[in-house]
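*Asks:* So here's coords.tsv, just TSV, N, CA and C atoms and all ligand atoms:
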chain	number	residue	atom	x	y	z
M	86	MET	N	-7.70	19.27	-191.78
M	86	MET	CA	-8.29	19.52	-193.09
M	86	MET	C	-9.53	20.42	-192.96
M	87	ALA	N	-9.64	21.36	-193.85
M	87	ALA	CA	-10.75	22.30	-193.80
M	87	ALA	C	-12.06	21.62	-194.21
M	88	HIS	N	-11.94	20.72	-195.18
M	88	HIS	CA	-13.15	20.08	-195.67
M	88	HIS	C	-13.37	18.72	-195.02
M	89	ARG	N	-14.46	18.61	-194.32
M	89	ARG	CA	-14.81	17.32	-193.77
M	89	ARG	C	-15.90	16.72	-194.64
M	90	SER	N	-15.79	15.44	-194.91
M	90	SER	CA	-16.79	14.81	-195.76
M	90	SER	C	-17.86	14.16	-194.90
M	91	LEU	N	-19.09	14.42	-195.23
M	91	LEU	CA	-20.20	13.78	-194.54
M	91	LEU	C	-20.40	12.39	-195.11
M	92	GLU	N	-21.10	11.56	-194.35
M	92	GLU	CA	-21.33	10.19	-194.80
M	92	GLU	C	-22.76	10.01	-195.29
M	93	THR	N	-22.89	9.15	-196.26
M	93	THR	CA	-24.22	8.80	-196.74
M	93	THR	C	-24.21	7.33	-197.13
M	94	VAL	N	-25.38	6.71	-197.11
M	94	VAL	CA	-25.49	5.30	-197.44
M	94	VAL	C	-25.58	5.11	-198.95
M	95	GLY	N	-24.87	4.13	-199.47
M	95	GLY	CA	-24.90	3.86	-200.91
M	95	GLY	C	-25.60	2.54	-201.20
M	96	LEU	N	-26.13	2.44	-202.41
M	96	LEU	CA	-26.85	1.24	-202.82
M	96	LEU	C	-26.26	0.76	-204.15
M	97	ARG	N	-25.78	-0.49	-204.15
M	97	ARG	CA	-25.22	-1.06	-205.38
M	97	ARG	C	-26.10	-2.23	-205.79
M	98	CYS	N	-26.78	-2.08	-206.91
M	98	CYS	CA	-27.71	-3.12	-207.35
M	98	CYS	C	-27.00	-4.12	-208.25
M	99	THR	N	-27.37	-5.37	-208.10
M	99	THR	CA	-26.78	-6.41	-208.94
M	99	THR	C	-27.82	-7.49	-209.18
M	100	GLY	N	-27.58	-8.38	-210.12
M	100	GLY	CA	-28.50	-9.49	-210.36
M	100	GLY	C	-29.90	-9.01	-210.71
M	101	TRP	N	-30.91	-9.59	-210.03
M	101	TRP	CA	-32.30	-9.29	-210.32
M	101	TRP	C	-32.62	-7.83	-210.06
M	102	ALA	N	-31.96	-7.20	-209.11
M	102	ALA	CA	-32.26	-5.81	-208.78
M	102	ALA	C	-31.78	-4.86	-209.86
M	103	ALA	N	-30.90	-5.33	-210.76
M	103	ALA	CA	-30.33	-4.47	-211.79
M	103	ALA	C	-30.71	-4.93	-213.19
M	104	LEU	N	-31.80	-5.67	-213.29
M	104	LEU	CA	-32.22	-6.23	-214.58
M	104	LEU	C	-32.53	-5.16	-215.62
M	105	ASP	N	-32.97	-4.01	-215.16
M	105	ASP	CA	-33.41	-2.97	-216.09
M	105	ASP	C	-32.26	-2.11	-216.57
M	106	ARG	N	-31.04	-2.50	-216.26
M	106	ARG	CA	-29.92	-1.66	-216.70
M	106	ARG	C	-28.82	-2.48	-217.36
M	107	ASP	N	-27.94	-1.78	-218.01
M	107	ASP	CA	-26.78	-2.37	-218.66
M	107	ASP	C	-25.90	-3.06	-217.61
M	108	PRO	N	-25.57	-4.35	-217.81
M	108	PRO	CA	-24.75	-5.05	-216.83
M	108	PRO	C	-23.37	-4.42	-216.63
M	109	GLN	N	-22.90	-3.66	-217.62
M	109	GLN	CA	-21.61	-2.98	-217.48
M	109	GLN	C	-21.72	-1.74	-216.60
M	110	ASP	N	-22.97	-1.30	-216.42
M	110	ASP	CA	-23.21	-0.07	-215.68
M	110	ASP	C	-23.34	-0.40	-214.19
M	111	ASP	N	-22.19	-0.64	-213.57
M	111	ASP	CA	-22.16	-1.04	-212.17
M	111	ASP	C	-21.96	0.20	-211.30
M	112	ARG	N	-23.04	0.67	-210.72
M	112	ARG	CA	-22.97	1.96	-210.02
M	112	ARG	C	-23.40	1.85	-208.56
M	113	VAL	N	-22.87	2.80	-207.80
M	113	VAL	CA	-23.32	2.98	-206.43
M	113	VAL	C	-24.21	4.21	-206.43
M	114	GLU	N	-25.44	4.05	-205.95
M	114	GLU	CA	-26.37	5.18	-205.90
M	114	GLU	C	-26.46	5.71	-204.48
M	115	TYR	N	-26.59	7.00	-204.36
M	115	TYR	CA	-26.65	7.62	-203.03
M	115	TYR	C	-27.39	8.94	-203.15
M	116	SER	N	-27.71	9.54	-202.01
M	116	SER	CA	-28.20	10.91	-202.05
M	116	SER	C	-27.25	11.76	-201.23
M	117	CYS	N	-26.96	12.94	-201.73
M	117	CYS	CA	-25.94	13.81	-201.14
M	117	CYS	C	-26.35	14.25	-199.73
M	118	PRO	N	-25.45	14.06	-198.74
M	118	PRO	CA	-25.78	14.47	-197.37
M	118	PRO	C	-25.72	16.00	-197.19
M	119	HIS	N	-25.16	16.70	-198.18
M	119	HIS	CA	-25.06	18.16	-198.09
M	119	HIS	C	-26.31	18.82	-198.64
M	120	CYS	N	-26.70	18.43	-199.87
M	120	CYS	CA	-27.79	19.13	-200.53
M	120	CYS	C	-28.97	18.21	-200.86
M	121	GLY	N	-28.82	16.91	-200.67
M	121	GLY	CA	-29.93	15.99	-200.89
M	121	GLY	C	-30.11	15.53	-202.33
M	122	ALA	N	-29.24	16.00	-203.23
M	122	ALA	CA	-29.35	15.61	-204.64
M	122	ALA	C	-29.03	14.12	-204.80
M	123	ALA	N	-29.74	13.46	-205.71
M	123	ALA	CA	-29.45	12.07	-205.99
M	123	ALA	C	-28.19	12.00	-206.83
M	124	GLY	N	-27.31	11.07	-206.51
M	124	GLY	CA	-26.07	10.95	-207.28
M	124	GLY	C	-25.70	9.50	-207.44
M	125	SER	N	-24.70	9.26	-208.26
M	125	SER	CA	-24.20	7.90	-208.41
M	125	SER	C	-22.76	7.98	-208.87
M	126	LYS	N	-22.02	6.91	-208.63
M	126	LYS	CA	-20.64	6.83	-209.09
M	126	LYS	C	-20.38	5.40	-209.51
M	127	ALA	N	-19.40	5.21	-210.36
M	127	ALA	CA	-19.02	3.86	-210.77
M	127	ALA	C	-18.47	3.12	-209.55
M	128	ALA	N	-18.94	1.91	-209.33
M	128	ALA	CA	-18.49	1.12	-208.19
M	128	ALA	C	-17.04	0.69	-208.42
M	129	ARG	N	-16.18	0.95	-207.44
M	129	ARG	CA	-14.76	0.63	-207.60
M	129	ARG	C	-14.31	-0.55	-206.76
M	130	ARG	N	-14.97	-0.74	-205.63
M	130	ARG	CA	-14.47	-1.75	-204.71
M	130	ARG	C	-14.90	-3.15	-205.13
M	131	PRO	N	-13.96	-4.11	-205.04
M	131	PRO	CA	-14.29	-5.48	-205.42
M	131	PRO	C	-15.34	-6.07	-204.49
M	132	ARG	N	-16.15	-6.97	-205.03
M	132	ARG	CA	-17.24	-7.54	-204.23
M	132	ARG	C	-16.73	-8.39	-203.08
M	133	GLY	N	-15.47	-8.81	-203.16
M	133	GLY	CA	-14.87	-9.57	-202.07
M	133	GLY	C	-14.72	-8.76	-200.80
M	134	GLU	N	-14.81	-7.43	-200.93
M	134	GLU	CA	-14.70	-6.55	-199.78
M	134	GLU	C	-16.03	-6.40	-199.03
M	135	TYR	N	-17.08	-7.00	-199.62
M	135	TYR	CA	-18.40	-6.88	-199.00
M	135	TYR	C	-18.62	-8.04	-198.04
M	136	HIS	N	-19.19	-7.72	-196.89
M	136	HIS	CA	-19.43	-8.75	-195.87
M	136	HIS	C	-20.84	-8.63	-195.34
M	137	PHE	N	-21.40	-9.78	-194.91
M	137	PHE	CA	-22.75	-9.76	-194.37
M	137	PHE	C	-22.78	-9.08	-193.01
M	138	SER	N	-23.68	-8.11	-192.91
M	138	SER	CA	-23.87	-7.40	-191.65
M	138	SER	C	-25.30	-6.89	-191.62
M	139	ASP	N	-26.00	-7.10	-190.55
M	139	ASP	CA	-27.40	-6.67	-190.40
M	139	ASP	C	-28.30	-7.22	-191.51
M	140	GLY	N	-28.00	-8.40	-192.01
M	140	GLY	CA	-28.86	-9.01	-193.02
M	140	GLY	C	-28.58	-8.55	-194.44
M	141	PHE	N	-27.58	-7.71	-194.62
M	141	PHE	CA	-27.24	-7.23	-195.96
M	141	PHE	C	-25.76	-7.42	-196.23
M	142	LEU	N	-25.41	-7.57	-197.50
M	142	LEU	CA	-24.02	-7.63	-197.89
M	142	LEU	C	-23.53	-6.19	-198.04
M	143	GLN	N	-22.59	-5.78	-197.17
M	143	GLN	CA	-22.19	-4.38	-197.14
M	143	GLN	C	-20.68	-4.21	-197.21
M	144	ASP	N	-20.28	-3.09	-197.77
M	144	ASP	CA	-18.88	-2.67	-197.73
M	144	ASP	C	-18.82	-1.51	-196.75
M	145	LEU	N	-18.29	-1.80	-195.56
M	145	LEU	CA	-18.29	-0.79	-194.49
M	145	LEU	C	-17.24	0.29	-194.71
M	146	GLN	N	-16.24	-0.01	-195.52
M	146	GLN	CA	-15.20	0.98	-195.81
M	146	GLN	C	-15.73	2.06	-196.74
M	147	GLY	N	-16.59	1.65	-197.65
M	147	GLY	CA	-17.25	2.60	-198.53
M	147	GLY	C	-16.34	3.22	-199.57
M	148	GLU	N	-16.86	4.25	-200.24
M	148	GLU	CA	-16.13	4.91	-201.32
M	148	GLU	C	-16.27	6.41	-201.18
M	149	MET	N	-15.27	7.15	-201.66
M	149	MET	CA	-15.34	8.61	-201.65
M	149	MET	C	-15.96	9.08	-202.96
M	150	SER	N	-16.70	10.17	-202.89
M	150	SER	CA	-17.27	10.73	-204.09
M	150	SER	C	-17.41	12.23	-203.93
M	151	VAL	N	-17.77	12.89	-205.02
M	151	VAL	CA	-18.02	14.32	-204.99
M	151	VAL	C	-19.39	14.56	-205.60
M	152	CYS	N	-20.21	15.35	-204.92
M	152	CYS	CA	-21.56	15.62	-205.40
M	152	CYS	C	-21.49	16.46	-206.67
M	153	ARG	N	-22.27	16.04	-207.69
M	153	ARG	CA	-22.28	16.78	-208.95
M	153	ARG	C	-23.05	18.10	-208.81
M	154	GLN	N	-23.95	18.14	-207.84
M	154	GLN	CA	-24.78	19.31	-207.63
M	154	GLN	C	-24.04	20.41	-206.86
M	155	CYS	N	-23.53	20.07	-205.67
M	155	CYS	CA	-22.96	21.11	-204.80
M	155	CYS	C	-21.44	21.02	-204.73
M	156	ARG	N	-20.85	20.03	-205.39
M	156	ARG	CA	-19.38	19.91	-205.49
M	156	ARG	C	-18.69	19.61	-204.16
M	157	GLN	N	-19.42	19.13	-203.19
M	157	GLN	CA	-18.81	18.82	-201.91
M	157	GLN	C	-18.43	17.34	-201.86
M	158	ARG	N	-17.40	17.08	-201.08
M	158	ARG	CA	-16.95	15.70	-200.93
M	158	ARG	C	-17.89	14.95	-200.00
M	159	LEU	N	-18.07	13.69	-200.29
M	159	LEU	CA	-18.89	12.87	-199.40
M	159	LEU	C	-18.32	11.47	-199.34
M	160	HIS	N	-18.60	10.81	-198.23
M	160	HIS	CA	-18.12	9.45	-198.02
M	160	HIS	C	-19.32	8.53	-198.07
M	161	VAL	N	-19.35	7.65	-199.07
M	161	VAL	CA	-20.47	6.73	-199.21
M	161	VAL	C	-20.16	5.48	-198.40
M	162	THR	N	-20.83	5.34	-197.28
M	162	THR	CA	-20.62	4.18	-196.41
M	162	THR	C	-21.81	3.97	-195.49
M	163	PRO	N	-22.27	2.77	-195.25
M	163	PRO	CA	-21.83	1.59	-195.98
M	163	PRO	C	-22.41	1.56	-197.38
M	164	VAL	N	-21.74	0.80	-198.26
M	164	VAL	CA	-22.33	0.54	-199.57
M	164	VAL	C	-22.99	-0.83	-199.46
M	165	VAL	N	-24.28	-0.88	-199.73
M	165	VAL	CA	-25.03	-2.12	-199.58
M	165	VAL	C	-25.28	-2.74	-200.95
M	166	LEU	N	-24.93	-4.01	-201.08
M	166	LEU	CA	-25.13	-4.73	-202.34
M	166	LEU	C	-26.48	-5.43	-202.28
M	167	VAL	N	-27.38	-5.10	-203.19
M	167	VAL	CA	-28.67	-5.79	-203.20
M	167	VAL	C	-28.83	-6.59	-204.49
M	168	HIS	N	-29.35	-7.81	-204.35
M	168	HIS	CA	-29.48	-8.73	-205.47
M	168	HIS	C	-30.89	-8.78	-206.03
M	169	THR	N	-31.88	-8.49	-205.22
M	169	THR	CA	-33.27	-8.61	-205.67
M	169	THR	C	-34.03	-7.33	-205.34
M	170	LEU	N	-35.14	-7.13	-206.03
M	170	LEU	CA	-35.96	-5.95	-205.77
M	170	LEU	C	-36.55	-6.01	-204.36
M	171	ASP	N	-36.81	-7.24	-203.91
M	171	ASP	CA	-37.33	-7.42	-202.57
M	171	ASP	C	-36.31	-6.95	-201.54
M	172	GLU	N	-35.04	-7.29	-201.79
M	172	GLU	CA	-33.95	-6.89	-200.91
M	172	GLU	C	-33.79	-5.37	-200.93
M	173	LYS	N	-33.99	-4.80	-202.11
M	173	LYS	CA	-33.87	-3.36	-202.27
M	173	LYS	C	-34.95	-2.64	-201.45
M	174	ARG	N	-36.18	-3.17	-201.51
M	174	ARG	CA	-37.27	-2.57	-200.72
M	174	ARG	C	-36.98	-2.68	-199.24
M	175	ARG	N	-36.44	-3.83	-198.83
M	175	ARG	CA	-36.12	-4.06	-197.41
M	175	ARG	C	-35.03	-3.08	-196.98
M	176	PHE	N	-34.05	-2.90	-197.85
M	176	PHE	CA	-32.96	-1.96	-197.55
M	176	PHE	C	-33.52	-0.55	-197.38
M	177	GLU	N	-34.40	-0.14	-198.30
M	177	GLU	CA	-34.95	1.21	-198.23
M	177	GLU	C	-35.77	1.40	-196.96
M	178	ALA	N	-36.43	0.33	-196.52
M	178	ALA	CA	-37.20	0.42	-195.28
M	178	ALA	C	-36.29	0.57	-194.07
M	179	VAL	N	-35.14	-0.14	-194.09
M	179	VAL	CA	-34.22	-0.13	-192.95
M	179	VAL	C	-33.42	1.17	-192.91
M	180	PHE	N	-32.97	1.64	-194.08
M	180	PHE	CA	-32.04	2.76	-194.09
M	180	PHE	C	-32.69	4.11	-194.38
M	181	SER	N	-33.98	4.12	-194.65
M	181	SER	CA	-34.66	5.38	-194.93
M	181	SER	C	-34.51	6.35	-193.77
M	182	PRO	N	-34.03	7.58	-194.05
M	182	PRO	CA	-33.84	8.55	-192.98
M	182	PRO	C	-35.16	8.98	-192.35
M	183	GLU	N	-36.23	8.95	-193.14
M	183	GLU	CA	-37.54	9.26	-192.61
M	183	GLU	C	-38.41	8.02	-192.69
M	184	PRO	N	-38.60	7.37	-191.57
M	184	PRO	CA	-39.35	6.11	-191.57
M	184	PRO	C	-40.75	6.29	-192.16
M	185	ALA	N	-41.10	5.39	-193.09
M	185	ALA	CA	-42.41	5.47	-193.71
M	185	ALA	C	-43.50	5.10	-192.71
M	186	LEU	N	-43.15	4.17	-191.84
M	186	LEU	CA	-44.12	3.73	-190.85
M	186	LEU	C	-43.64	4.11	-189.45
M	187	VAL	N	-44.44	4.86	-188.77
M	187	VAL	CA	-44.13	5.19	-187.38
M	187	VAL	C	-45.10	4.42	-186.50
M	188	SER	N	-44.55	3.53	-185.71
M	188	SER	CA	-45.44	2.72	-184.88
M	188	SER	C	-45.91	3.52	-183.66
M	189	ALA	N	-47.19	3.72	-183.60
M	189	ALA	CA	-47.77	4.45	-182.47
M	189	ALA	C	-48.32	3.47	-181.45
M	190	ARG	N	-47.70	3.44	-180.29
M	190	ARG	CA	-48.18	2.53	-179.25
M	190	ARG	C	-48.68	3.32	-178.06
M	201	ZN	ZN	-24.64	17.86	-202.87
With the file now loaded, output its structure as structure tokens.
Ligand SMILES: [Zn+2]

*Replies:*
Amino acid sequence: MAHRSLETVGLRCTGWAALDRDPQDDRVEYSCPHCGAAGSKAARRPRGEYHFSDGFLQDLQGEMSVCRQCRQRLHVTPVVLVHTLDEKRRFEAVFSPEPALVSAR
């Protein structure tokens, strides 16, 4: 295949972490690995496919999407399900590509 899809981490908020949004609006949020644009897609995979790994409930199979900005295909994996804002902050600290804190020893 000529087009290879890059991978990016997705975030699916639920419960307390999604209080500020419509409960029907179940989305996976990600940033495009090609151009860096923020994107989102409707979550398709059932929650039963999510398993605990590294302290988070994740879907390691992930979902395919297309960036609205650059039109390139991308593979959102893992998709991490977060229930609380605290969990969301912890996720962002763990998965952030540029660590906010660099420990200098
Ligand atoms: Zn893009």

*Asks:* Restricting the calculation to all atoms listed in the file, which member of M:Asp171, M:Leu166, M:Ala178, M:Asp110 is positioned closest to Arg97 (chain M)?

*Replies:*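 Checking each of M:Asp171, M:Leu166, M:Ala178, M:Asp110 against Arg97 (chain M), counting all atoms listed in the file, the winner is M:Leu166.
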
*Asks:* Looking at M:Glu172, M:Phe137, M:Cys98, M:Thr162, which one is nearest to Met149 (chain M), with distances taken over all atoms listed in the file?

*Replies:*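 Of all the options, M:Thr162 lies closest to Met149 (chain M).
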
*Asks:* Counting all atoms listed in the file, which residues of chain M fall within 6.5 Å of ligand ZN 201 (chain M), and what is the closest atom pair for each with its distance in Å at one decimal, ordered by chain and rising number, as JSON lines?

*Replies:*
{"residue": "M:Cys117", "atom": "CA", "partner": "M:ZN201", "partner_atom": "ZN", "distance": 4.6}
{"residue": "M:Pro118", "atom": "N", "partner": "M:ZN201", "partner_atom": "ZN", "distance": 5.7}
{"residue": "M:His119", "atom": "C", "partner": "M:ZN201", "partner_atom": "ZN", "distance": 4.6}
{"residue": "M:Cys120", "atom": "N", "partner": "M:ZN201", "partner_atom": "ZN", "distance": 3.7}
{"residue": "M:Gly121", "atom": "N", "partner": "M:ZN201", "partner_atom": "ZN", "distance": 4.8}
{"residue": "M:Ala122", "atom": "N", "partner": "M:ZN201", "partner_atom": "ZN", "distance": 5.0}
{"residue": "M:Cys152", "atom": "CA", "partner": "M:ZN201", "partner_atom": "ZN", "distance": 4.6}
{"residue": "M:Arg153", "atom": "N", "partner": "M:ZN201", "partner_atom": "ZN", "distance": 5.7}
{"residue": "M:Gln154", "atom": "C", "partner": "M:ZN201", "partner_atom": "ZN", "distance": 4.8}
{"residue": "M:Cys155", "atom": "N", "partner": "M:ZN201", "partner_atom": "ZN", "distance": 3.7}
{"residue": "M:Arg156", "atom": "N", "partner": "M:ZN201", "partner_atom": "ZN", "distance": 5.0}
{"residue": "M:Gln157", "atom": "N", "partner": "M:ZN201", "partner_atom": "ZN", "distance": 5.4}

*Asks:* Let me make sure I understand: among M:Leu142, M:Val165, M:Lys126, M:His136, which one has the smallest atom-to-atom distance to Gly95 (chain M) if we use only C-alpha atoms?

*Replies:*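 Going through M:Leu142, M:Val165, M:Lys126, M:His136 one by one, the smallest distance to Gly95 (chain M) is for M:Val165.
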
*Asks:* Which value, in Å to one decimal, gives the distance between atom C of Pro163 (chain M) and CA of Arg89 (chain M)?

*Replies:*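 Computed distance, atom C of Pro163 (chain M) to CA of Arg89 (chain M), equals 17.9 Å.
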
*Asks:* Report, in Å with one decimal, the straight-line distance from atom C of Arg112 (chain M) to atom N of Val164 (chain M).

*Replies:*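 Separating atom C of Arg112 (chain M) from atom N of Val164 (chain M) is a distance of 10.5 Å.
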
*Asks:* Expressed in Å to a single decimal, how great is the separation between CA of Ala127 (chain M) and CA of Gln109 (chain M)?

*Replies:*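 So the two atoms, CA of Ala127 (chain M) and CA of Gln109 (chain M), lie 9.9 Å apart.
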